[in-house]
$ cat target-v1.cif   # mmCIF, C-alpha atoms and all ligand atoms
data_final
#
loop_
_atom_site.label_atom_id
_atom_site.label_comp_id
_atom_site.auth_asym_id
_atom_site.auth_seq_id
_atom_site.Cartn_x
_atom_site.Cartn_y
_atom_site.Cartn_z
CA MET A 1 115.35 96.29 101.30
CA CYS A 2 116.43 92.71 100.67
CA ASN A 3 115.12 90.58 97.84
CA ILE A 4 112.08 88.37 98.34
CA LYS A 5 114.20 85.53 96.88
CA ASP A 6 116.44 85.70 99.99
CA ILE A 7 113.41 84.89 102.14
CA LYS A 8 112.47 82.02 99.86
CA GLU A 9 116.01 80.61 100.14
CA GLU A 10 115.90 80.74 103.94
CA ILE A 11 112.50 79.04 103.98
CA LEU A 12 113.72 76.26 101.70
CA LEU A 13 116.85 75.75 103.86
CA SER A 14 114.86 75.56 107.11
CA LYS A 15 113.41 72.38 108.55
CA ARG A 16 111.18 73.83 111.27
CA ILE A 17 109.62 77.29 110.95
CA GLY A 18 107.66 79.31 113.54
CA LEU A 19 105.43 82.23 112.53
CA SER A 20 104.34 85.10 114.74
CA PHE A 21 102.95 88.68 114.53
CA HIS A 22 102.11 91.71 116.63
CA THR A 23 100.19 91.35 119.84
CA SER A 24 96.39 91.96 119.64
CA PRO A 25 96.63 90.76 116.03
CA ASP A 26 94.40 92.33 113.38
CA GLY A 27 93.28 91.01 110.00
CA ASP A 28 96.63 91.76 108.38
CA ALA A 29 98.70 90.09 111.12
CA ILE A 30 96.48 86.99 111.13
CA GLY A 31 95.99 86.96 107.35
CA SER A 32 99.71 87.12 106.61
CA ALA A 33 100.52 84.41 109.17
CA LEU A 34 97.76 82.03 108.03
CA GLY A 35 98.39 82.72 104.34
CA LEU A 36 102.03 81.81 104.81
CA LEU A 37 101.29 78.89 107.16
CA ASN A 38 98.93 77.33 104.62
CA ALA A 39 101.55 77.74 101.88
CA LEU A 40 104.35 76.27 104.03
CA ARG A 41 102.25 73.28 105.09
CA TYR A 42 101.27 72.68 101.47
CA LEU A 43 104.98 72.62 100.62
CA GLY A 44 105.47 70.01 103.35
CA LYS A 45 107.34 72.31 105.77
CA ASP A 46 107.12 71.63 109.49
CA SER A 47 105.63 75.01 110.41
CA TYR A 48 103.56 76.39 113.26
CA ILE A 49 102.23 79.54 114.94
CA ILE A 50 103.84 81.10 118.02
CA SER A 51 101.36 83.42 119.76
CA ARG A 52 100.16 84.54 123.16
CA ASP A 53 96.99 85.75 121.45
CA VAL A 54 94.02 83.62 120.47
CA ILE A 55 92.33 84.01 117.07
CA PRO A 56 89.71 86.82 117.18
CA ASP A 57 86.19 85.48 116.53
CA ASN A 58 85.67 87.43 113.32
CA LEU A 59 88.76 85.84 111.73
CA SER A 60 87.99 82.26 112.71
CA TYR A 61 86.70 81.43 109.21
CA LEU A 62 90.27 81.31 107.87
CA SER A 63 91.93 77.96 107.16
CA LEU A 64 94.16 76.84 110.10
CA ALA A 65 92.66 79.59 112.32
CA ASN A 66 92.51 77.08 115.19
CA ASP A 67 96.31 76.94 115.16
CA ILE A 68 96.23 80.41 116.76
CA ASP A 69 95.13 79.18 120.17
CA GLY A 70 97.64 80.90 122.46
CA SER A 71 99.22 77.59 123.48
CA THR A 72 102.70 77.97 121.91
CA VAL A 73 104.32 81.16 123.14
CA GLU A 74 107.99 80.30 122.53
CA PRO A 75 109.72 78.70 119.54
CA LYS A 76 109.64 74.88 119.74
CA ALA A 77 112.90 72.89 120.02
CA ASN A 78 114.91 72.63 116.79
CA THR A 79 113.25 75.63 115.17
CA ASP A 80 115.69 77.07 112.65
CA LEU A 81 113.66 80.04 111.46
CA VAL A 82 111.11 82.39 113.01
CA ILE A 83 109.24 84.79 110.71
CA ILE A 84 107.57 87.80 112.34
CA LEU A 85 104.78 89.43 110.35
CA ASP A 86 103.29 92.94 110.48
CA CYS A 87 105.19 93.93 113.63
CA GLY A 88 107.60 96.89 113.83
CA ASN A 89 108.78 96.56 117.42
CA VAL A 90 110.33 93.64 119.29
CA GLU A 91 108.32 94.39 122.43
CA ARG A 92 105.04 94.06 120.48
CA ILE A 93 105.78 90.55 119.16
CA SER A 94 103.16 88.06 120.36
CA ALA A 95 105.95 85.50 121.00
CA ASP A 96 108.56 85.11 123.70
CA LEU A 97 111.91 84.95 121.88
CA THR A 98 114.12 85.36 125.00
CA ASN A 99 115.56 81.84 124.82
CA TYR A 100 115.68 81.59 121.03
CA ASN A 101 119.05 81.94 119.29
CA GLY A 102 118.08 81.02 115.73
CA LYS A 103 117.32 83.21 112.73
CA VAL A 104 114.52 85.80 112.69
CA ILE A 105 113.03 87.28 109.51
CA ASN A 106 111.03 90.49 109.88
CA ILE A 107 108.38 91.12 107.19
CA ASP A 108 106.47 94.36 107.64
CA HIS A 109 105.08 97.57 106.12
CA HIS A 110 105.28 100.01 109.07
CA ILE A 111 107.44 103.13 108.81
CA SER A 112 108.41 102.67 112.45
CA ASN A 113 110.30 99.38 112.36
CA ASP A 114 113.26 98.44 114.59
CA LYS A 115 114.78 96.10 111.95
CA TYR A 116 115.25 93.38 114.56
CA GLY A 117 115.62 90.52 112.04
CA PHE A 118 118.67 89.08 110.30
CA ILE A 119 116.60 89.71 107.18
CA ASN A 120 114.30 92.76 107.31
CA TYR A 121 111.86 93.05 104.43
CA ILE A 122 110.12 96.35 105.16
CA ASP A 123 108.05 97.75 102.32
CA VAL A 124 106.28 100.91 103.47
CA THR A 125 104.55 101.21 100.10
CA ALA A 126 102.69 97.95 100.72
CA ALA A 127 99.10 98.62 101.83
CA ALA A 128 99.29 95.50 103.99
CA THR A 129 101.89 92.94 105.03
CA CYS A 130 99.63 90.54 103.12
CA GLU A 131 100.73 92.23 99.87
CA ILE A 132 104.29 91.13 100.64
CA ILE A 133 103.06 87.65 101.58
CA TYR A 134 101.39 87.44 98.19
CA LEU A 135 104.72 88.19 96.49
CA LEU A 136 106.39 85.58 98.71
CA VAL A 137 103.90 82.77 98.05
CA LYS A 138 104.18 83.53 94.36
CA GLU A 139 107.95 83.23 94.67
CA LEU A 140 107.39 79.91 96.46
CA GLY A 141 105.59 78.64 93.37
CA PHE A 142 101.93 79.46 93.94
CA TYR A 143 100.62 81.26 90.91
CA LEU A 144 97.39 81.49 89.01
CA LYS A 145 95.30 78.51 89.95
CA ASN A 146 95.45 76.75 86.60
CA GLU A 147 99.24 76.62 86.78
CA ILE A 148 99.28 74.52 89.93
CA ASP A 149 96.58 72.03 90.06
CA ASN A 150 95.53 72.37 93.66
CA GLN A 151 92.71 74.83 93.87
CA LYS A 152 91.94 74.23 97.55
CA SER A 153 95.34 75.43 98.72
CA HIS A 154 95.05 78.48 96.49
CA VAL A 155 91.67 79.44 97.94
CA GLU A 156 92.95 78.97 101.50
CA ILE A 157 96.09 81.03 100.96
CA GLY A 158 94.28 83.64 98.85
CA SER A 159 91.45 84.11 101.34
CA ALA A 160 93.90 84.82 104.16
CA ILE A 161 95.83 87.31 102.02
CA TYR A 162 92.65 89.02 100.83
CA THR A 163 91.50 89.35 104.46
CA GLY A 164 94.66 91.26 105.41
CA ILE A 165 94.38 93.55 102.40
CA VAL A 166 90.69 94.32 103.02
CA THR A 167 91.19 95.05 106.72
CA ASP A 168 94.34 97.19 106.39
CA THR A 169 92.88 99.27 103.55
CA GLY A 170 89.46 99.86 105.16
CA SER A 171 87.91 97.85 102.31
CA PHE A 172 90.06 99.64 99.67
CA ARG A 173 89.19 103.14 100.95
CA HIS A 174 92.49 104.31 102.43
CA SER A 175 95.19 106.15 100.50
CA ASN A 176 97.61 103.24 101.01
CA VAL A 177 95.82 101.42 98.15
CA THR A 178 97.89 101.31 94.97
CA LYS A 179 97.68 99.80 91.52
CA ARG A 180 99.66 96.87 92.91
CA THR A 181 97.03 96.31 95.61
CA HIS A 182 94.33 95.96 92.95
CA ASN A 183 96.55 93.85 90.70
CA ILE A 184 97.22 91.45 93.57
CA VAL A 185 93.52 91.23 94.35
CA ALA A 186 92.76 90.55 90.68
CA GLU A 187 95.16 87.61 90.88
CA LEU A 188 93.59 86.42 94.13
CA VAL A 189 90.24 86.30 92.34
CA GLU A 190 92.00 84.07 89.84
CA PHE A 191 93.05 81.91 92.81
CA GLY A 192 89.32 81.27 93.29
CA ILE A 193 88.59 83.29 96.45
CA ASN A 194 85.02 84.29 97.32
CA SER A 195 85.52 87.99 98.13
CA SER A 196 81.89 88.69 98.94
CA LYS A 197 81.81 85.84 101.48
CA ILE A 198 84.98 87.15 103.10
CA HIS A 199 83.46 90.64 103.50
CA SER A 200 80.40 89.07 104.99
CA ASN A 201 82.47 87.00 107.47
CA LEU A 202 84.43 90.08 108.44
CA PHE A 203 81.73 92.71 108.73
CA ASP A 204 78.26 91.13 108.87
CA ASN A 205 78.94 88.87 111.77
CA LYS A 206 78.96 91.08 114.87
CA PRO A 207 77.55 89.90 118.15
CA PHE A 208 74.36 91.83 119.00
CA GLU A 209 75.98 93.11 122.21
CA LYS A 210 78.80 94.63 120.20
CA VAL A 211 76.44 96.78 118.14
CA LYS A 212 74.85 97.97 121.39
CA LEU A 213 78.31 98.75 122.77
CA MET A 214 79.10 100.78 119.64
CA GLY A 215 75.87 102.76 120.15
CA HIS A 216 76.76 103.38 123.79
CA VAL A 217 80.27 104.57 122.94
CA LEU A 218 79.12 106.74 120.03
CA SER A 219 76.42 108.42 122.08
CA ASP A 220 79.21 110.05 124.13
CA ILE A 221 81.38 111.23 121.23
CA LYS A 222 83.00 114.66 121.69
CA LEU A 223 84.44 117.14 119.20
CA VAL A 224 87.49 119.15 120.30
CA LEU A 225 90.24 121.34 118.79
CA ASN A 226 87.89 123.42 116.65
CA ASN A 227 85.75 120.38 115.89
CA LYS A 228 88.67 118.82 113.99
CA VAL A 229 89.18 115.96 116.44
CA ALA A 230 86.50 113.44 117.45
CA VAL A 231 87.15 111.71 120.78
CA LEU A 232 85.67 108.38 121.82
CA GLU A 233 86.26 106.68 125.15
CA ILE A 234 85.63 103.18 126.46
CA GLU A 235 86.01 102.41 130.13
CA LYS A 236 86.89 98.90 131.23
CA LYS A 237 83.73 98.63 133.28
CA THR A 238 81.65 99.30 130.14
CA LEU A 239 83.35 96.39 128.38
CA GLU A 240 82.65 94.27 131.46
CA GLU A 241 78.98 95.30 131.49
CA PHE A 242 78.60 94.29 127.85
CA ASN A 243 80.68 91.16 128.47
CA LEU A 244 83.00 92.18 125.64
CA LEU A 245 86.39 92.51 127.35
CA ASN A 246 88.36 91.10 124.43
CA THR A 247 86.42 92.49 121.52
CA ASP A 248 87.92 94.58 118.75
CA THR A 249 86.45 98.07 119.07
CA SER A 250 88.08 99.76 116.10
CA ASP A 251 84.83 99.93 114.05
CA VAL A 252 83.72 103.07 115.90
CA LEU A 253 86.80 104.95 114.71
CA SER A 254 85.58 105.11 111.12
CA VAL A 255 82.22 106.47 112.31
CA GLY A 256 84.02 109.30 114.16
CA LEU A 257 86.25 110.00 111.18
CA GLY A 258 83.17 110.09 108.94
CA ILE A 259 81.96 113.32 110.58
CA LYS A 260 82.11 116.38 108.31
CA GLY A 261 85.10 118.57 109.16
CA VAL A 262 86.76 115.99 111.43
CA GLU A 263 90.43 115.41 110.59
CA VAL A 264 91.38 112.95 113.33
CA CYS A 265 89.44 110.43 115.39
CA LEU A 266 90.90 109.35 118.72
CA LEU A 267 89.65 106.29 120.58
CA LEU A 268 90.81 105.79 124.17
CA LYS A 269 90.27 102.41 125.73
CA GLU A 270 91.00 101.55 129.34
CA VAL A 271 93.07 98.35 129.60
CA ASP A 272 94.56 96.50 132.60
CA ASP A 273 97.77 98.50 132.89
CA GLY A 274 96.80 101.83 131.34
CA VAL A 275 95.05 103.27 128.30
CA LYS A 276 95.29 102.08 124.70
CA ALA A 277 94.75 104.83 122.14
CA SER A 278 93.93 104.35 118.47
CA LEU A 279 94.23 107.28 116.11
CA ARG A 280 92.92 107.66 112.56
CA SER A 281 93.53 110.61 110.25
CA LYS A 282 91.45 111.63 107.23
CA ASN A 283 93.93 113.77 105.26
CA ASP A 284 97.35 115.18 106.06
CA ILE A 285 97.76 114.97 109.83
CA ASP A 286 100.43 112.40 110.68
CA VAL A 287 99.02 110.49 113.66
CA ARG A 288 102.04 108.17 113.78
CA LYS A 289 104.13 111.17 114.88
CA VAL A 290 101.65 111.83 117.68
CA ALA A 291 101.64 108.19 118.82
CA GLU A 292 105.44 108.02 118.72
CA VAL A 293 105.73 110.82 121.30
CA TYR A 294 104.36 108.34 123.88
CA GLY A 295 106.21 105.28 122.57
CA GLY A 296 103.65 104.05 120.03
CA GLY A 297 103.73 103.96 116.25
CA GLY A 298 101.95 102.81 113.11
CA HIS A 299 101.20 104.60 109.86
CA ILE A 300 100.53 108.24 108.91
CA LYS A 301 96.76 107.69 108.87
CA ALA A 302 96.42 104.88 111.43
CA ALA A 303 98.46 104.66 114.60
CA GLY A 304 98.26 103.39 118.15
CA VAL A 305 99.93 103.78 121.52
CA LYS A 306 99.55 102.34 124.99
CA GLN A 307 100.21 104.74 127.89
CA LYS A 308 100.87 102.85 131.10
CA ASN A 309 99.50 103.77 134.52
CA VAL A 310 97.44 106.77 133.42
CA SER A 311 93.72 107.53 133.64
CA ILE A 312 91.65 107.97 130.48
CA SER A 313 91.56 111.74 130.97
CA GLU A 314 95.36 111.95 131.43
CA ALA A 315 95.90 109.84 128.31
CA ARG A 316 93.45 112.05 126.38
CA GLU A 317 95.08 115.32 127.47
CA ASN A 318 98.58 114.01 126.65
CA LEU A 319 97.57 113.15 123.10
CA LEU A 320 95.43 116.25 122.52
CA LYS A 321 98.38 118.44 123.53
CA ILE A 322 100.50 116.93 120.75
CA LEU A 323 97.60 116.86 118.29
CA ALA A 324 96.98 120.57 118.90
CA GLN A 325 100.54 121.28 117.72
CA GLU A 326 100.05 119.14 114.60
CA ILE A 327 96.72 120.75 113.72
CA ASN A 328 97.60 124.39 114.50
P1 LIG A 401 95.25 100.10 116.09
O1 LIG A 401 94.82 101.47 116.47
O2 LIG A 401 94.28 99.45 115.16
O3 LIG A 401 95.63 99.24 117.26
O4 LIG A 401 96.58 100.26 115.28
C1 LIG A 401 96.75 101.11 114.19
C2 LIG A 401 98.16 100.97 113.65
O5 LIG A 401 99.09 101.39 114.66
C3 LIG A 401 98.56 99.55 113.32
O6 LIG A 401 99.40 99.58 112.19
C4 LIG A 401 99.29 99.06 114.53
O7 LIG A 401 100.23 98.09 114.21
C5 LIG A 401 99.96 100.34 115.04
N1 LIG A 401 100.03 100.33 116.52
C6 LIG A 401 99.00 100.20 117.38
N2 LIG A 401 99.42 100.25 118.67
C7 LIG A 401 100.75 100.42 118.61
C8 LIG A 401 101.78 100.53 119.61
O8 LIG A 401 101.55 100.50 120.82
N3 LIG A 401 103.05 100.66 119.14
C9 LIG A 401 103.36 100.71 117.81
N4 LIG A 401 104.63 100.83 117.43
N5 LIG A 401 102.42 100.61 116.85
C10 LIG A 401 101.14 100.47 117.24
MN MN A 402 99.38 95.74 108.67
#
$ encode --input "target-v1.cif" --output "structure tokens"
Amino acid sequence: MCNIKDIKEEILLSKRIGLSFHTSPDGDAIGSALGLLNALRYLGKDSYIISRDVIPDNLSYLSLANDIDGSTVEPKANTDLVIILDCGNVERISADLTNYNGKVINIDHHISNDKYGFINYIDVTAAATCEIIYLLVKELGFYLKNEIDNQKSHVEIGSAIYTGIVTDTGSFRHSNVTKRTHNIVAELVEFGINSSKIHSNLFDNKPFEKVKLMGHVLSDIKLVLNNKVAVLEIEKKTLEEFNLLNTDTSDVLSVGLGIKGVEVCLLLKEVDDGVKASLRSKNDIDVRKVAEVYGGGGHIKAAGVKQKNVSISEARENLLKILAQEIN
């Protein structure tokens, strides 16, 4: 892995910097991009977001969230550096880099990473890409709030970083949490963030219809493979009925995984060109390995894959076949 100082040097050398992340961005993708964007703007850098995706509603409280509006999908003219955050695979980048010949830096924490950058900073021990962004903004000169006398910028950067850490660790529950995770958060508190308000923005802000959708989906939950796998399914027409086509549905996964004896929860969601599966594992079963069989990836305990041109039942049987081998 390269040194974080190398990334700082490239940032300082660059005049115009574009930031992007994985498609269907989650709290870590958005948090790392907005944490870094706020820091770069504070340093006076001409910097902007490149994204086909629009900011999800539950992350719109973050500073500069409106910059993620889906309007800039390619690097702007004269961009000398593009930084891609939280994205292991080129084809999952929410930016079109076909006509871009400049430098790309890849900052990520996924085991499956194609190392597509000229600098690849991949730390698989980081609970979230936001942990790495914290180290980077510190390297860029942001430290405990009383050392730089601009508290507002610290709160804005810190809140974005905290958001990514909370979402990628399941609110500090997952085994990816380390001493460093807590040390970083302790320093973010020193930055002046309001952690309770962030939790509230993230989790106590659901549209009424979404809670009803969760109830609908959960009422059909199935246990298979000796009751070790919980399966949840969402058809496109259900999302249409609830008028929630673009909503994040990952909340139901933790409910399925919370069942006694369940080792893996599988959520299958019908999308335009196939079926998107999300997998979560409680203990030792490596769901990334299962997702990779069909071209997906992720982490040992949280992975995803999109199977194109299949029905929900085909997608389910494909994944259960592999899961059966993993579970024995
Ligand atoms: P989710 O199920 O929340 O979409 O994703 C869980 C984890 O798997 C995340 O780390 C996400 O980046 C990764 N992931 C989800 N879908 C895909 C995919 O299609 N390909 C790859 N490589 N990773 C994925
Ligand atoms: Mn992440």
$ residues_around --input "target-v1.cif" --residues "stretch 230-246 of chain A" --least-positions-apart "4" --cutoff "6 Å" --atoms "only C-alpha atoms" --output "PDB file with C-alpha atoms, in the coordinates of the input"
ATOM      1  CA  ILE A 221      81.380 111.230 121.230  1.00  0.00           C
ATOM      2  CA  LYS A 222      83.000 114.660 121.690  1.00  0.00           C
ATOM      3  CA  LEU A 223      84.440 117.140 119.200  1.00  0.00           C
ATOM      4  CA  GLY A 256      84.020 109.300 114.160  1.00  0.00           C
ATOM      5  CA  CYS A 265      89.440 110.430 115.390  1.00  0.00           C
ATOM      6  CA  LEU A 266      90.900 109.350 118.720  1.00  0.00           C
ATOM      7  CA  LEU A 267      89.650 106.290 120.580  1.00  0.00           C
ATOM      8  CA  LEU A 268      90.810 105.790 124.170  1.00  0.00           C
ATOM      9  CA  LYS A 269      90.270 102.410 125.730  1.00  0.00           C
ATOM     10  CA  GLU A 270      91.000 101.550 129.340  1.00  0.00           C
TER      11      GLU A 270
END
$ residues_around --input "target-v1.cif" --residues "A:Asp67" --least-positions-apart "4" --cutoff "12 Å" --atoms "all atoms listed in the file" --output "list in words"
Gly18, Leu19, Ser20, Ile30, Ala33, Leu34, Leu37, Asn38, Ser47, Tyr48, Ile49, Ile50, Ser51, Arg52, Asp53, Val54, Ile55, Ser60, Leu62, Ser63, Ser71 and Thr72 of chain A
$ residues_near_ligand --input "target-v1.cif" --ligand "ligand LIG 401 (chain A)" --cutoff "7 Å" --atoms "all atoms listed in the file" --output "PDB file with C-alpha atoms, in the coordinates of the input"
ATOM      1  CA  CYS A  87     105.190  93.930 113.630  1.00  0.00           C
ATOM      2  CA  GLY A  88     107.600  96.890 113.830  1.00  0.00           C
ATOM      3  CA  ASN A  89     108.780  96.560 117.420  1.00  0.00           C
ATOM      4  CA  HIS A 110     105.280 100.010 109.070  1.00  0.00           C
ATOM      5  CA  SER A 112     108.410 102.670 112.450  1.00  0.00           C
ATOM      6  CA  SER A 250      88.080  99.760 116.100  1.00  0.00           C
ATOM      7  CA  ALA A 277      94.750 104.830 122.140  1.00  0.00           C
ATOM      8  CA  SER A 278      93.930 104.350 118.470  1.00  0.00           C
ATOM      9  CA  LEU A 279      94.230 107.280 116.110  1.00  0.00           C
ATOM     10  CA  GLY A 295     106.210 105.280 122.570  1.00  0.00           C
ATOM     11  CA  GLY A 296     103.650 104.050 120.030  1.00  0.00           C
ATOM     12  CA  GLY A 297     103.730 103.960 116.250  1.00  0.00           C
ATOM     13  CA  GLY A 298     101.950 102.810 113.110  1.00  0.00           C
ATOM     14  CA  HIS A 299     101.200 104.600 109.860  1.00  0.00           C
ATOM     15  CA  ALA A 302      96.420 104.880 111.430  1.00  0.00           C
ATOM     16  CA  ALA A 303      98.460 104.660 114.600  1.00  0.00           C
ATOM     17  CA  GLY A 304      98.260 103.390 118.150  1.00  0.00           C
ATOM     18  CA  VAL A 305      99.930 103.780 121.520  1.00  0.00           C
ATOM     19  CA  LYS A 306      99.550 102.340 124.990  1.00  0.00           C
TER      20      LYS A 306
END
$ atom_distance --input "target-v1.cif" --atom1 "atom CA of A:Asn226" --atom2 "atom CA of A:Lys212"
29.0 Å
$ atom_distance --input "target-v1.cif" --atom1 "atom CA of A:Gly274" --atom2 "atom CA of A:Ile93"
18.9 Å
$ closest_residue --input "target-v1.cif" --among "A:Ile4, A:Ile122, A:Leu43, A:Ala65" --to "ligand MN 402 (chain A)" --atoms "all atoms listed in the file"
A:Ile122
$ residues_near_ligand --input "target-v1.cif" --ligand "ligand MN 402 (chain A)" --cutoff "7 Å" --atoms "all atoms listed in the file" --output "ChimeraX atom specification"
/A:28-29,86,109,128-129,168
$ residues_near_point --input "target-v1.cif" --point "(111.0, 85.4, 115.4)" --cutoff "12 Å" --atoms "all atoms listed in the file" --output "MDAnalysis selection string"
chainID A and resid 17:22 48:51 73:76 79:87 89:107 115:120
$ atom_distance --input "target-v1.cif" --atom1 "atom CA of A:Ile285" --atom2 "atom CA of A:Ala315"
19.3 Å
